[in-house]
Structures are given as structure tokens and as C-alpha cells.
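Here is the structure we will look at, set down as C-alpha cells.
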Amino acid sequence: MHKELLQSIDGISVYPIISLIVFVLFFVVILVWMLKVDKKYIKKMENLPFENEEENNFNNTGDLYEKKV
Amino acid sequence: MQLEKFSYDNKIVRDFTIASLVFGVVGMLVGVLIASQLFAPELNFSIPFLTFGRIRPLHTNAVIFAFVGNAIFAGIYYSLPRLLKAPMFSTLLSRIHFWGWQLIIVAAAISLPLGLTTSKEYAELEWPIDIAITLIWVVFGINMIGTIIKRREKHMYVAIWFYLATWVTVAVLHIVNSFELPVSLFKSYSLYAGVQDALVQWWYGHNAVAFFLTTPYLGLMYYYLPKAANRPVYSYKLSIIHFWSLIFLYIWAGPHHLLYSALPDWAQSLGTVFSIMLIAPSWGGMINGLLTLRGAWDRVREDPILKFMVVAVTAYGMSTFEGPMLSLKNVNAIAHFTDWIVAHVHIGALGWNGFLTAGMFYWLIPKIFKTELYSKKMANVHFWVGTLGIVFYASAMYWSGVAQSLMWKQFNDMGMLQYPNFLETTLQIIPMYMIRAFGGTLYLVGMLMMVYNLSKTMMAGKLVTNEEAEAAAMHKEEKEKISHRWLEGKPIYFLLASLVVILIGGIVEFVPTFLVKSNIPTIASVKPYTPLELEGRDLYIREGCNNCHSQLVRPFRSETERYGEYSKAGEYVYDHPFLWGSKRTGPDLHRVGGKYPNLWHYLHMENPRSMSPGSIMPPYPWLIENALDVSLTPKKINVMRSLGVPYPEGYENQATDDLMKQAEAIALDLQKNGVPAEPDKEIIALIAYLQRLGTDIKANPVAESK
């Protein structure tokens, strides 16, 4: 019965292939973009959570229990 | 550069945290209760509102939307303003969001035990609550996007992308899956029927896991893990690849919940392929999280926060490897409908969501209360008790899942089923159910320790309701060079881009399936339910029978032998909503019609153990006492007709009479067999429905045609 359903839609077999191609293209674009991305930008981005640290009374060494001196 | 002064609202963070803790305890308590009911059914205390079928949805909804949901909001309301160097867009909207969400939870906690449910897993809430969820979700969206627009930081950190993708996708999922036509304030029927309803539901169900339990938590991981470890994420580039490929791939994988079902084959295969591909981004994320701790592993030994986070990320990696494996058809054939799936879900819920939440709260609460954690030792004990709880829980469920499945499939030398009686396989795994409940209890104990510890912390410190901060205003004229920076400079474009990415998968799956509407081989002998059967079906939904009984016989010899002919797509065309179920705690019911006499069902519902000694099904004596409410029957017929079920025009006027006629016939049969049945009771409708199930194709088995 599955087969009948499958055949009852014209050209259904092309759907999975389209999906795969779309994804591969999408992935390649992201990959290329990451290979070419500016290092300074990455540096800045990964440090974003650590800006304005001085607002806190605590340091962020992961050691919660130590007051900042 | 001019520095602007502003403040962060910590009160909302605290409120969401408290809500998460309170509802987390409630949700897990209900979890332990239903887990215990599986080996001691009397633990429902003969109260309808406490039966398994009704409170299992309460457990899942409470844990997903109340515990995890509130934790997400707490985490976002803390990290988002700090990453953007701007206060939340509107304090009023924050408050509306908070109270609105809690009201929705309370409405769920009342309506689900009352049996007001749509029956669709993780979307059980009835239509008025669905609308409320939509409104509150919009409030949340405006608040979040408004904050992003008014930010002082040009760049959007990767955590924020995950938050945005979460928001937009959950909105799409919730709306598409909630299309339903109301019958009354508390009752509605799904717009979709049968196979289509199943596909939409599992597209939703799968992606609710993806975009409510995964992407927001990945966002939280990308913020709180670096914060707790005090070092930037291992690879920011990897996080970008992780983000885009994850949201692209996830949306396609829904059909893997419907392998071997009546869903078209190509859609099943598509679900499998994309599930396998999902391993890559998921593990990219896990590795990124774990490697963030490079050089800090010595601290992991002492710091409970990092311990929780490491186990959480590891659990994420385990369940995202297991998921794709479960979507392989040969593995799925064994695992589906068993406790294995329950184990898989709980690795995610207890390990990934639960432990990341714990790590985040232990870090967050001392921060906003400007104090130290009350007891680091107790947090460590919580970690070990919780971990032990997960181990007990998961190992028992893996064992029982695989063991029971193999028993279902076991044939003897004569070529007959080794365990023809389903109950026999259940009784074998009862000890595992006990261990599972014990594991769940341990986890709950850990949770209570966290509540105590954090309460003490809150009492020792003082909440900094408005935390002062300052930052330079963003210069609008600052030019951006390339694509992604352009993209993230404009949150609305970013939102649209994510929307497009997630829609591609949905569209490719849905378009053909909605074409299927005209292509499902209709079976001439399949007819709409009679009014009495329809009422019976609604009782089946009210009591949540679908939580333990599937209505889908898969095309395996072990199943056709046990239950009868395998299920066909054409048999479900009038099923609004579909009731395939996802777990067989009891046997499949799709071919139960005509299998037993009416008397058997009557006595079985009154006390299952009288018919099946040792059964773990709860008794339903109230079905025998309650009079059937037929006030809505004509309206139900009308609604069904407008959904495309071919009741003749004007049939609604005749429906109640027909209903009584059929009920009297069943009652007469029962009376002849010696039980004092009355025709106007609920039990009669339920029996009518059960006796109808799966019998249509028997009337004329060769009539399958286009």
C-alpha cells in the first residue's frame, strides 16, 4: 500500500533529492563563509558575554564563592 | 564616547526562576505518581482526576512548559539584556509575559485532570488556552525583538540567534498544529484527519522537542557555560555552523515518529535521512560545549555548577546520537511503542534540560542576590543524587523496553506467538517499573534539595531589583561589510532568514502530504462513526486512553498475528483527531472491534482485573455511573460535517434518536447477559466505539480502491 501511495503522486521521488541538494548547498555556503570570516570579528564575538564584568561584585573565574578584590 | 546609564531588571529573572522551581517540583511529583501507578494502579485512589490517562499529559506539560519553559524565560531575561547592553524593551510586557504564562499553566493544571484535552501529545490543551499561549508568545516576541532593536551592542551573540529561532519556530509550530474547530468552549476537533493529522502532530511533536527543549537550551549553554567556566566558547565559528545546520535539519526529521505507520514511504525515508544527518550539528554543539572547558577540568571536580553542565551537555550528546539511531527503521521496529522511547526522552529531560537548568540556577541566583550559594556541599549532593536517579530511571526503562519488545515479537517452534497474551509481557517488566519510580524519586529529592538551597540563598542575600549598568550608544552610521554581520545587524532580517530556513523543510514535507488528501486510497466500506460511537470516541479522548493504547497495527507478522490486519491510511479518513498513540503500555486497539463481547468490555472497564488478573489498567467505575451527555451531539455532527465527514445534510436532527436506538440495543445485550446496564450511561458509548474500531474493512476487505 505504501508503494501505491508513493506512485499516486507524480514525480514524488524528486522531493527527497531536492531536499538533499538544498541542504548540501546551504551547508557549503555556511562552511565557505566560516572559512573566510574575519578573525577579529570572531574574537570580538566570543568575548561578548564577558563585557561589563566590572558591574558584578563577583569575579567570573567560575569560583562562585570568592569575592573580587 | 558618551556612556548611557540604564539598569537590568533582575526581579523578572527571580520570578521566572521561582516559578520554574515550583512547577518543576509539581511536575516531577506527578511524574513519580504516574510511574508508581504503573505497578500499583490503586494509587489513583479511584479518583477520575488522578487516573494515568489524564495526568500523564499533566506531567509532560508541567515539565516541558512550566519547568523548562519558565527556566528558559529566566535564562533569557538575564542574558539577553546583558548581551545587548540594554534593559528589556518593556517591564510591563515582562510582567504580562510572566503572569500570562503562569495563568496558562494553572489553566492546564485544572483542565487536563478534568479530561479537557485534544489528545495530541504535548499539545493537549484545548483551544481557548491555545489562543492564550499564542498571545503570550507574541508578548514575549515583542519584548525580545524590541530589546534587540534598542540595543547598544552592534553584534548579536550566538545565544541570541538561538533565542530568536526558538521564538519564530515555536510560533509557527504552535499555530499550524492547533488548527481546530471548536464544538464548545471546552471541546474542539482537529482540522486535519488521520494520516495528515498524524504528520502535522509529529512534525509539531518532534520540533517542539527541537525548538522548546533544544534550541533555547543551546542558547543558554552558549551563554552560561562560558560564564560559569570563565572562558569563551571553544569555537565561535563552530557555533555558527552548529546554529544554521541544526535549525535547517531539525525540521525535516518529524516523520521518524511514524515509521512503519500508514504514512507514505517517501516521507518516512526523508525523516530517517535527515535524522541521521542531524548527528553532525548536534555533536558539533556538544563538542563545542565540552571543549569550552579545556584546561578547566580541574575545576569541574569541585564546582557543582560545572558538573551539572558537563553532565547536561553529555546527556545532550547521548540523546542526539540515540535519536538518529532510533529513527533507523530496523531499530525503530523494536523500540517504538516501548519504554525505550520513554528512557530516551528522560535522558533529554532529566539530563540535558534538568541539569542545565540546575547549573544555570546555581550560578544565577547568587549573582542577582549578591551573595554566595547557601551550601555548595548540598549542591554537590544534589548532583550525585540526581545523576543516580537518571541512571536508575534510564537503565530500568532500557531494560524493560527491549525485553518487552522482544517478547512481543517472540515466536515458538510451532510458529505461534510465544506470549499471545499481552499482559504476560507487562507482568514481566513490573520490577523495572518499580526501579524507574525509585529513580524518579531520587531525582525529585535532588530537586527538593535545590529548592531548599536556593531559598536559603535568596533569604541570605538581597535581590538587586534594578542592576545599574552603563554602555555607549550604538552608532547607527557604523557600516558593516559582509553578509552575516549585515544579517545580524538587522534582527528582523535575521528572523526572516531563520523562518525561511525552517519553512523549507516543513513545506517539502507538507505539500505532497496535502496532495495526498486526494490520493489516499479510500476504502469504500469505511464509514463515518455513528453518533453514539462518536460520543464514545470523545470519552476515549477524555480518559486519555491513547496514552497507553495505540491504534496502529504495523505491518509485521508479530503484530498481524497478535492484533489482526495491519492498519491502512484509508481507515482513518474520518478520525479528527487521529488516535494512533505513541506508547503501548497496554495492547493495540485498532482491531479490538468485535474481538470480545459487550459484556467483557463492561466488566473490564468496571474492574480490569476481573477479566485480566494482574492487569495494571485502572478501573473506570464512573463510566458506568455517569449519564452520557448528549447535549452537544447534534453540534458535533455539524462540526464534523464542516470538516469534511460526509454526514447527510440534516442528520444532526436525527442523531440523538439514532444514538438512543444504538445504545438501547447494546444495553439490552448487556442485560440479557446479566449486568444491570442502562442505555443512557457513558459506558455504553465507549463500548459502541470500541466495538466499531477497525471493523470497517472487514465488511468488504477487497473494496480498497481509489
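Here, A, B, ... name the chains of the C-alpha cells in the order displayed, residue numbers run from 1 inside each chain, and ligands are numbered from 1 in the same displayed order.
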
Stretch 140-326 of chain B: residues DSSP assigns to strand (DSSP E), reported as a list of chain:residue names: B:Glu180, B:Leu181, B:Pro182, B:Val183, B:Ser184, B:Lys187, B:Ser188, B:Tyr189, B:Ser190

Show me, as JSON lines, the residues of chain B having an atom within 8 Å of chain A, each with the closest atom pair and its distance in Å, using only C-alpha atoms.
```
{"residue": "B:Arg82", "atom": "CA", "partner": "A:Pro49", "partner_atom": "CA", "distance": 7.7}
{"residue": "B:Leu83", "atom": "CA", "partner": "A:Pro49", "partner_atom": "CA", "distance": 6.0}
{"residue": "B:His155", "atom": "CA", "partner": "A:Met45", "partner_atom": "CA", "distance": 7.4}
{"residue": "B:Tyr157", "atom": "CA", "partner": "A:Met45", "partner_atom": "CA", "distance": 6.2}
{"residue": "B:Tyr223", "atom": "CA", "partner": "A:Pro49", "partner_atom": "CA", "distance": 6.6}
{"residue": "B:Pro226", "atom": "CA", "partner": "A:Pro49", "partner_atom": "CA", "distance": 7.9}
{"residue": "B:Lys227", "atom": "CA", "partner": "A:Asn60", "partner_atom": "CA", "distance": 6.7}
{"residue": "B:Ala228", "atom": "CA", "partner": "A:Gly62", "partner_atom": "CA", "distance": 4.7}
{"residue": "B:Ala229", "atom": "CA", "partner": "A:Gly62", "partner_atom": "CA", "distance": 5.0}
{"residue": "B:Asn230", "atom": "CA", "partner": "A:Thr61", "partner_atom": "CA", "distance": 5.0}
{"residue": "B:Pro232", "atom": "CA", "partner": "A:Glu46", "partner_atom": "CA", "distance": 5.6}
{"residue": "B:Val233", "atom": "CA", "partner": "A:Glu46", "partner_atom": "CA", "distance": 6.3}
{"residue": "B:Tyr236", "atom": "CA", "partner": "A:Glu46", "partner_atom": "CA", "distance": 5.9}
{"residue": "B:Lys237", "atom": "CA", "partner": "A:Met34", "partner_atom": "CA", "distance": 6.1}
{"residue": "B:Ile240", "atom": "CA", "partner": "A:Met34", "partner_atom": "CA", "distance": 7.9}
{"residue": "B:Ile241", "atom": "CA", "partner": "A:Ile30", "partner_atom": "CA", "distance": 6.4}
{"residue": "B:Trp244", "atom": "CA", "partner": "A:Ile30", "partner_atom": "CA", "distance": 7.8}
{"residue": "B:Ser245", "atom": "CA", "partner": "A:Phe27", "partner_atom": "CA", "distance": 6.7}
{"residue": "B:Phe248", "atom": "CA", "partner": "A:Phe23", "partner_atom": "CA", "distance": 7.7}
{"residue": "B:Leu249", "atom": "CA", "partner": "A:Phe23", "partner_atom": "CA", "distance": 7.9}
{"residue": "B:Ala262", "atom": "CA", "partner": "A:His2", "partner_atom": "CA", "distance": 7.3}
{"residue": "B:Leu263", "atom": "CA", "partner": "A:His2", "partner_atom": "CA", "distance": 7.7}
{"residue": "B:Pro264", "atom": "CA", "partner": "A:His2", "partner_atom": "CA", "distance": 5.6}
{"residue": "B:Asp265", "atom": "CA", "partner": "A:His2", "partner_atom": "CA", "distance": 5.7}
{"residue": "B:Trp266", "atom": "CA", "partner": "A:Leu6", "partner_atom": "CA", "distance": 6.9}
{"residue": "B:Leu270", "atom": "CA", "partner": "A:Pro16", "partner_atom": "CA", "distance": 6.2}
{"residue": "B:Asp303", "atom": "CA", "partner": "A:Asp63", "partner_atom": "CA", "distance": 7.3}
{"residue": "B:Trp363", "atom": "CA", "partner": "A:Leu64", "partner_atom": "CA", "distance": 7.6}
{"residue": "B:Lys367", "atom": "CA", "partner": "A:Phe58", "partner_atom": "CA", "distance": 7.6}
{"residue": "B:Lys370", "atom": "CA", "partner": "A:Asn57", "partner_atom": "CA", "distance": 7.3}
{"residue": "B:Glu372", "atom": "CA", "partner": "A:Tyr65", "partner_atom": "CA", "distance": 5.8}
{"residue": "B:Leu373", "atom": "CA", "partner": "A:Tyr65", "partner_atom": "CA", "distance": 7.4}
{"residue": "B:Glu468", "atom": "CA", "partner": "A:Glu55", "partner_atom": "CA", "distance": 7.7}
{"residue": "B:Ala469", "atom": "CA", "partner": "A:Glu55", "partner_atom": "CA", "distance": 6.7}
{"residue": "B:Gly505", "atom": "CA", "partner": "A:Ser19", "partner_atom": "CA", "distance": 7.8}
{"residue": "B:Val508", "atom": "CA", "partner": "A:Tyr15", "partner_atom": "CA", "distance": 7.0}
{"residue": "B:Pro512", "atom": "CA", "partner": "A:Ile9", "partner_atom": "CA", "distance": 7.6}
{"residue": "B:Leu515", "atom": "CA", "partner": "A:Ile9", "partner_atom": "CA", "distance": 7.6}
{"residue": "B:Val516", "atom": "CA", "partner": "A:Ile9", "partner_atom": "CA", "distance": 7.4}
{"residue": "B:Asn519", "atom": "CA", "partner": "A:Ser8", "partner_atom": "CA", "distance": 6.3}
{"residue": "B:Ile520", "atom": "CA", "partner": "A:Leu5", "partner_atom": "CA", "distance": 6.7}
{"residue": "B:Pro521", "atom": "CA", "partner": "A:Leu5", "partner_atom": "CA", "distance": 7.5}
{"residue": "B:Lys568", "atom": "CA", "partner": "A:Met1", "partner_atom": "CA", "distance": 7.7}
```

Contact residues around B:Ser119 with only C-alpha atoms at 12 Å, ignoring same-chain residues under 3 positions, as a PyMOL selection string: chain B and resi 53-54+56-58+112+115-116+122-126+178+187-190+197-198+201+537-548+576-582

Residues near stretch 340-346 of chain B, cut-off 12 Å, only C-alpha atoms, skip fewer than 6 positions along chain, as an MDAnalysis selection string: chainID B and resid 28 31 35 60 63:64 206 209 213 257 312 315:327 331:334 352:355 389:405 432:433 436 439:440 443 582:585

Straight-line distance linking atom CA of B:Gln671 with atom CA of B:Asn598, stated in Å to one decimal: 10.4 Å

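When atom CA of B:Glu649 is paired with atom CA of B:Thr117, their separation reads 28.4 Å.
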
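Reported to one decimal place, the separation of atom CA of B:Gly359 from atom CA of B:Leu306 is 6.9 Å.
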
Within 8 Å of stretch 455-461 of chain B using only C-alpha atoms, minus same-chain residues under 3 positions, as a list in words: Ile365, Pro366, Phe369, Lys370, Thr371, Glu372, Leu373, Tyr374, Val451 and Tyr452 of chain B

8 Å contact set for B:Glu467, only C-alpha atoms, chain neighbours under 6 positions out, as a PyMOL selection string: chain B and resi 7-10

Secondary structure check, helix (DSSP H, G or I) residues of stretch 10-245 of chain B, as a PyMOL selection string: chain B and resi 11-37+41-44+48-50+52-84+91-111+127-149+158-177+194-229+236-245

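Distances to B:Phe6 were evaluated for B:Ala86, B:Ile251, B:Ile96, B:Leu632 using only C-alpha atoms, and the minimum falls at B:Ala86.
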
Non-local contacts of B:Leu173 (10 Å; only C-alpha atoms; under 2 positions in same chain excluded) as an NGL selection string: :B and (168-171 or 175-178 or 200-201 or 203-205 or 207-208 or 211 or 506)

How would the residues just chosen look if you wrote them out with N, CA and C atoms as a PDB file, in the first residue's frame?
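As written to disk, part05.pdb reads:
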```
ATOM      1  N   VAL B 168      10.548  32.156  16.735  1.00  0.00           N
ATOM      2  CA  VAL B 168       9.830  32.131  15.457  1.00  0.00           C
ATOM      3  C   VAL B 168       9.322  30.726  15.146  1.00  0.00           C
ATOM      4  N   THR B 169      10.121  29.691  15.462  1.00  0.00           N
ATOM      5  CA  THR B 169       9.701  28.333  15.100  1.00  0.00           C
ATOM      6  C   THR B 169       8.570  27.849  15.989  1.00  0.00           C
ATOM      7  N   VAL B 170       8.676  28.121  17.289  1.00  0.00           N
ATOM      8  CA  VAL B 170       7.595  27.685  18.179  1.00  0.00           C
ATOM      9  C   VAL B 170       6.289  28.354  17.764  1.00  0.00           C
ATOM     10  N   ALA B 171       6.367  29.610  17.346  1.00  0.00           N
ATOM     11  CA  ALA B 171       5.159  30.292  16.884  1.00  0.00           C
ATOM     12  C   ALA B 171       4.540  29.547  15.710  1.00  0.00           C
ATOM     13  N   ILE B 175       0.917  27.337  15.971  1.00  0.00           N
ATOM     14  CA  ILE B 175      -0.251  27.767  15.202  1.00  0.00           C
ATOM     15  C   ILE B 175      -0.696  26.670  14.239  1.00  0.00           C
ATOM     16  N   VAL B 176       0.262  26.103  13.488  1.00  0.00           N
ATOM     17  CA  VAL B 176      -0.122  25.099  12.491  1.00  0.00           C
ATOM     18  C   VAL B 176      -0.760  23.872  13.150  1.00  0.00           C
ATOM     19  N   ASN B 177      -0.201  23.449  14.291  1.00  0.00           N
ATOM     20  CA  ASN B 177      -0.712  22.231  14.920  1.00  0.00           C
ATOM     21  C   ASN B 177      -2.018  22.471  15.679  1.00  0.00           C
ATOM     22  N   SER B 178      -2.335  23.721  15.956  1.00  0.00           N
ATOM     23  CA  SER B 178      -3.508  23.979  16.796  1.00  0.00           C
ATOM     24  C   SER B 178      -4.753  24.311  15.988  1.00  0.00           C
ATOM     25  N   VAL B 200       1.132  16.179  10.819  1.00  0.00           N
ATOM     26  CA  VAL B 200       1.224  17.521  11.402  1.00  0.00           C
ATOM     27  C   VAL B 200       1.594  17.412  12.876  1.00  0.00           C
ATOM     28  N   GLN B 201       0.937  16.486  13.589  1.00  0.00           N
ATOM     29  CA  GLN B 201       1.205  16.331  15.023  1.00  0.00           C
ATOM     30  C   GLN B 201       2.656  15.969  15.280  1.00  0.00           C
ATOM     31  N   TRP B 203       5.231  16.353  13.212  1.00  0.00           N
ATOM     32  CA  TRP B 203       6.071  17.474  12.790  1.00  0.00           C
ATOM     33  C   TRP B 203       6.147  18.458  13.959  1.00  0.00           C
ATOM     34  N   TYR B 204       4.992  18.675  14.602  1.00  0.00           N
ATOM     35  CA  TYR B 204       4.961  19.525  15.793  1.00  0.00           C
ATOM     36  C   TYR B 204       5.713  18.871  16.954  1.00  0.00           C
ATOM     37  N   GLY B 205       5.342  17.629  17.243  1.00  0.00           N
ATOM     38  CA  GLY B 205       5.893  16.967  18.432  1.00  0.00           C
ATOM     39  C   GLY B 205       7.407  16.902  18.382  1.00  0.00           C
ATOM     40  N   ASN B 207       9.431  18.802  16.565  1.00  0.00           N
ATOM     41  CA  ASN B 207      10.064  20.117  16.572  1.00  0.00           C
ATOM     42  C   ASN B 207       9.803  20.897  17.850  1.00  0.00           C
ATOM     43  N   ALA B 208       8.806  20.478  18.610  1.00  0.00           N
ATOM     44  CA  ALA B 208       8.641  21.071  19.936  1.00  0.00           C
ATOM     45  C   ALA B 208       9.832  20.648  20.796  1.00  0.00           C
ATOM     46  N   PHE B 211      12.689  22.796  19.297  1.00  0.00           N
ATOM     47  CA  PHE B 211      12.714  24.247  19.458  1.00  0.00           C
ATOM     48  C   PHE B 211      12.186  24.733  20.804  1.00  0.00           C
ATOM     49  N   GLY B 506       9.491  22.121   6.326  1.00  0.00           N
ATOM     50  CA  GLY B 506       8.071  21.922   6.553  1.00  0.00           C
ATOM     51  C   GLY B 506       7.304  21.845   5.240  1.00  0.00           C
TER      52      GLY B 506
END
```
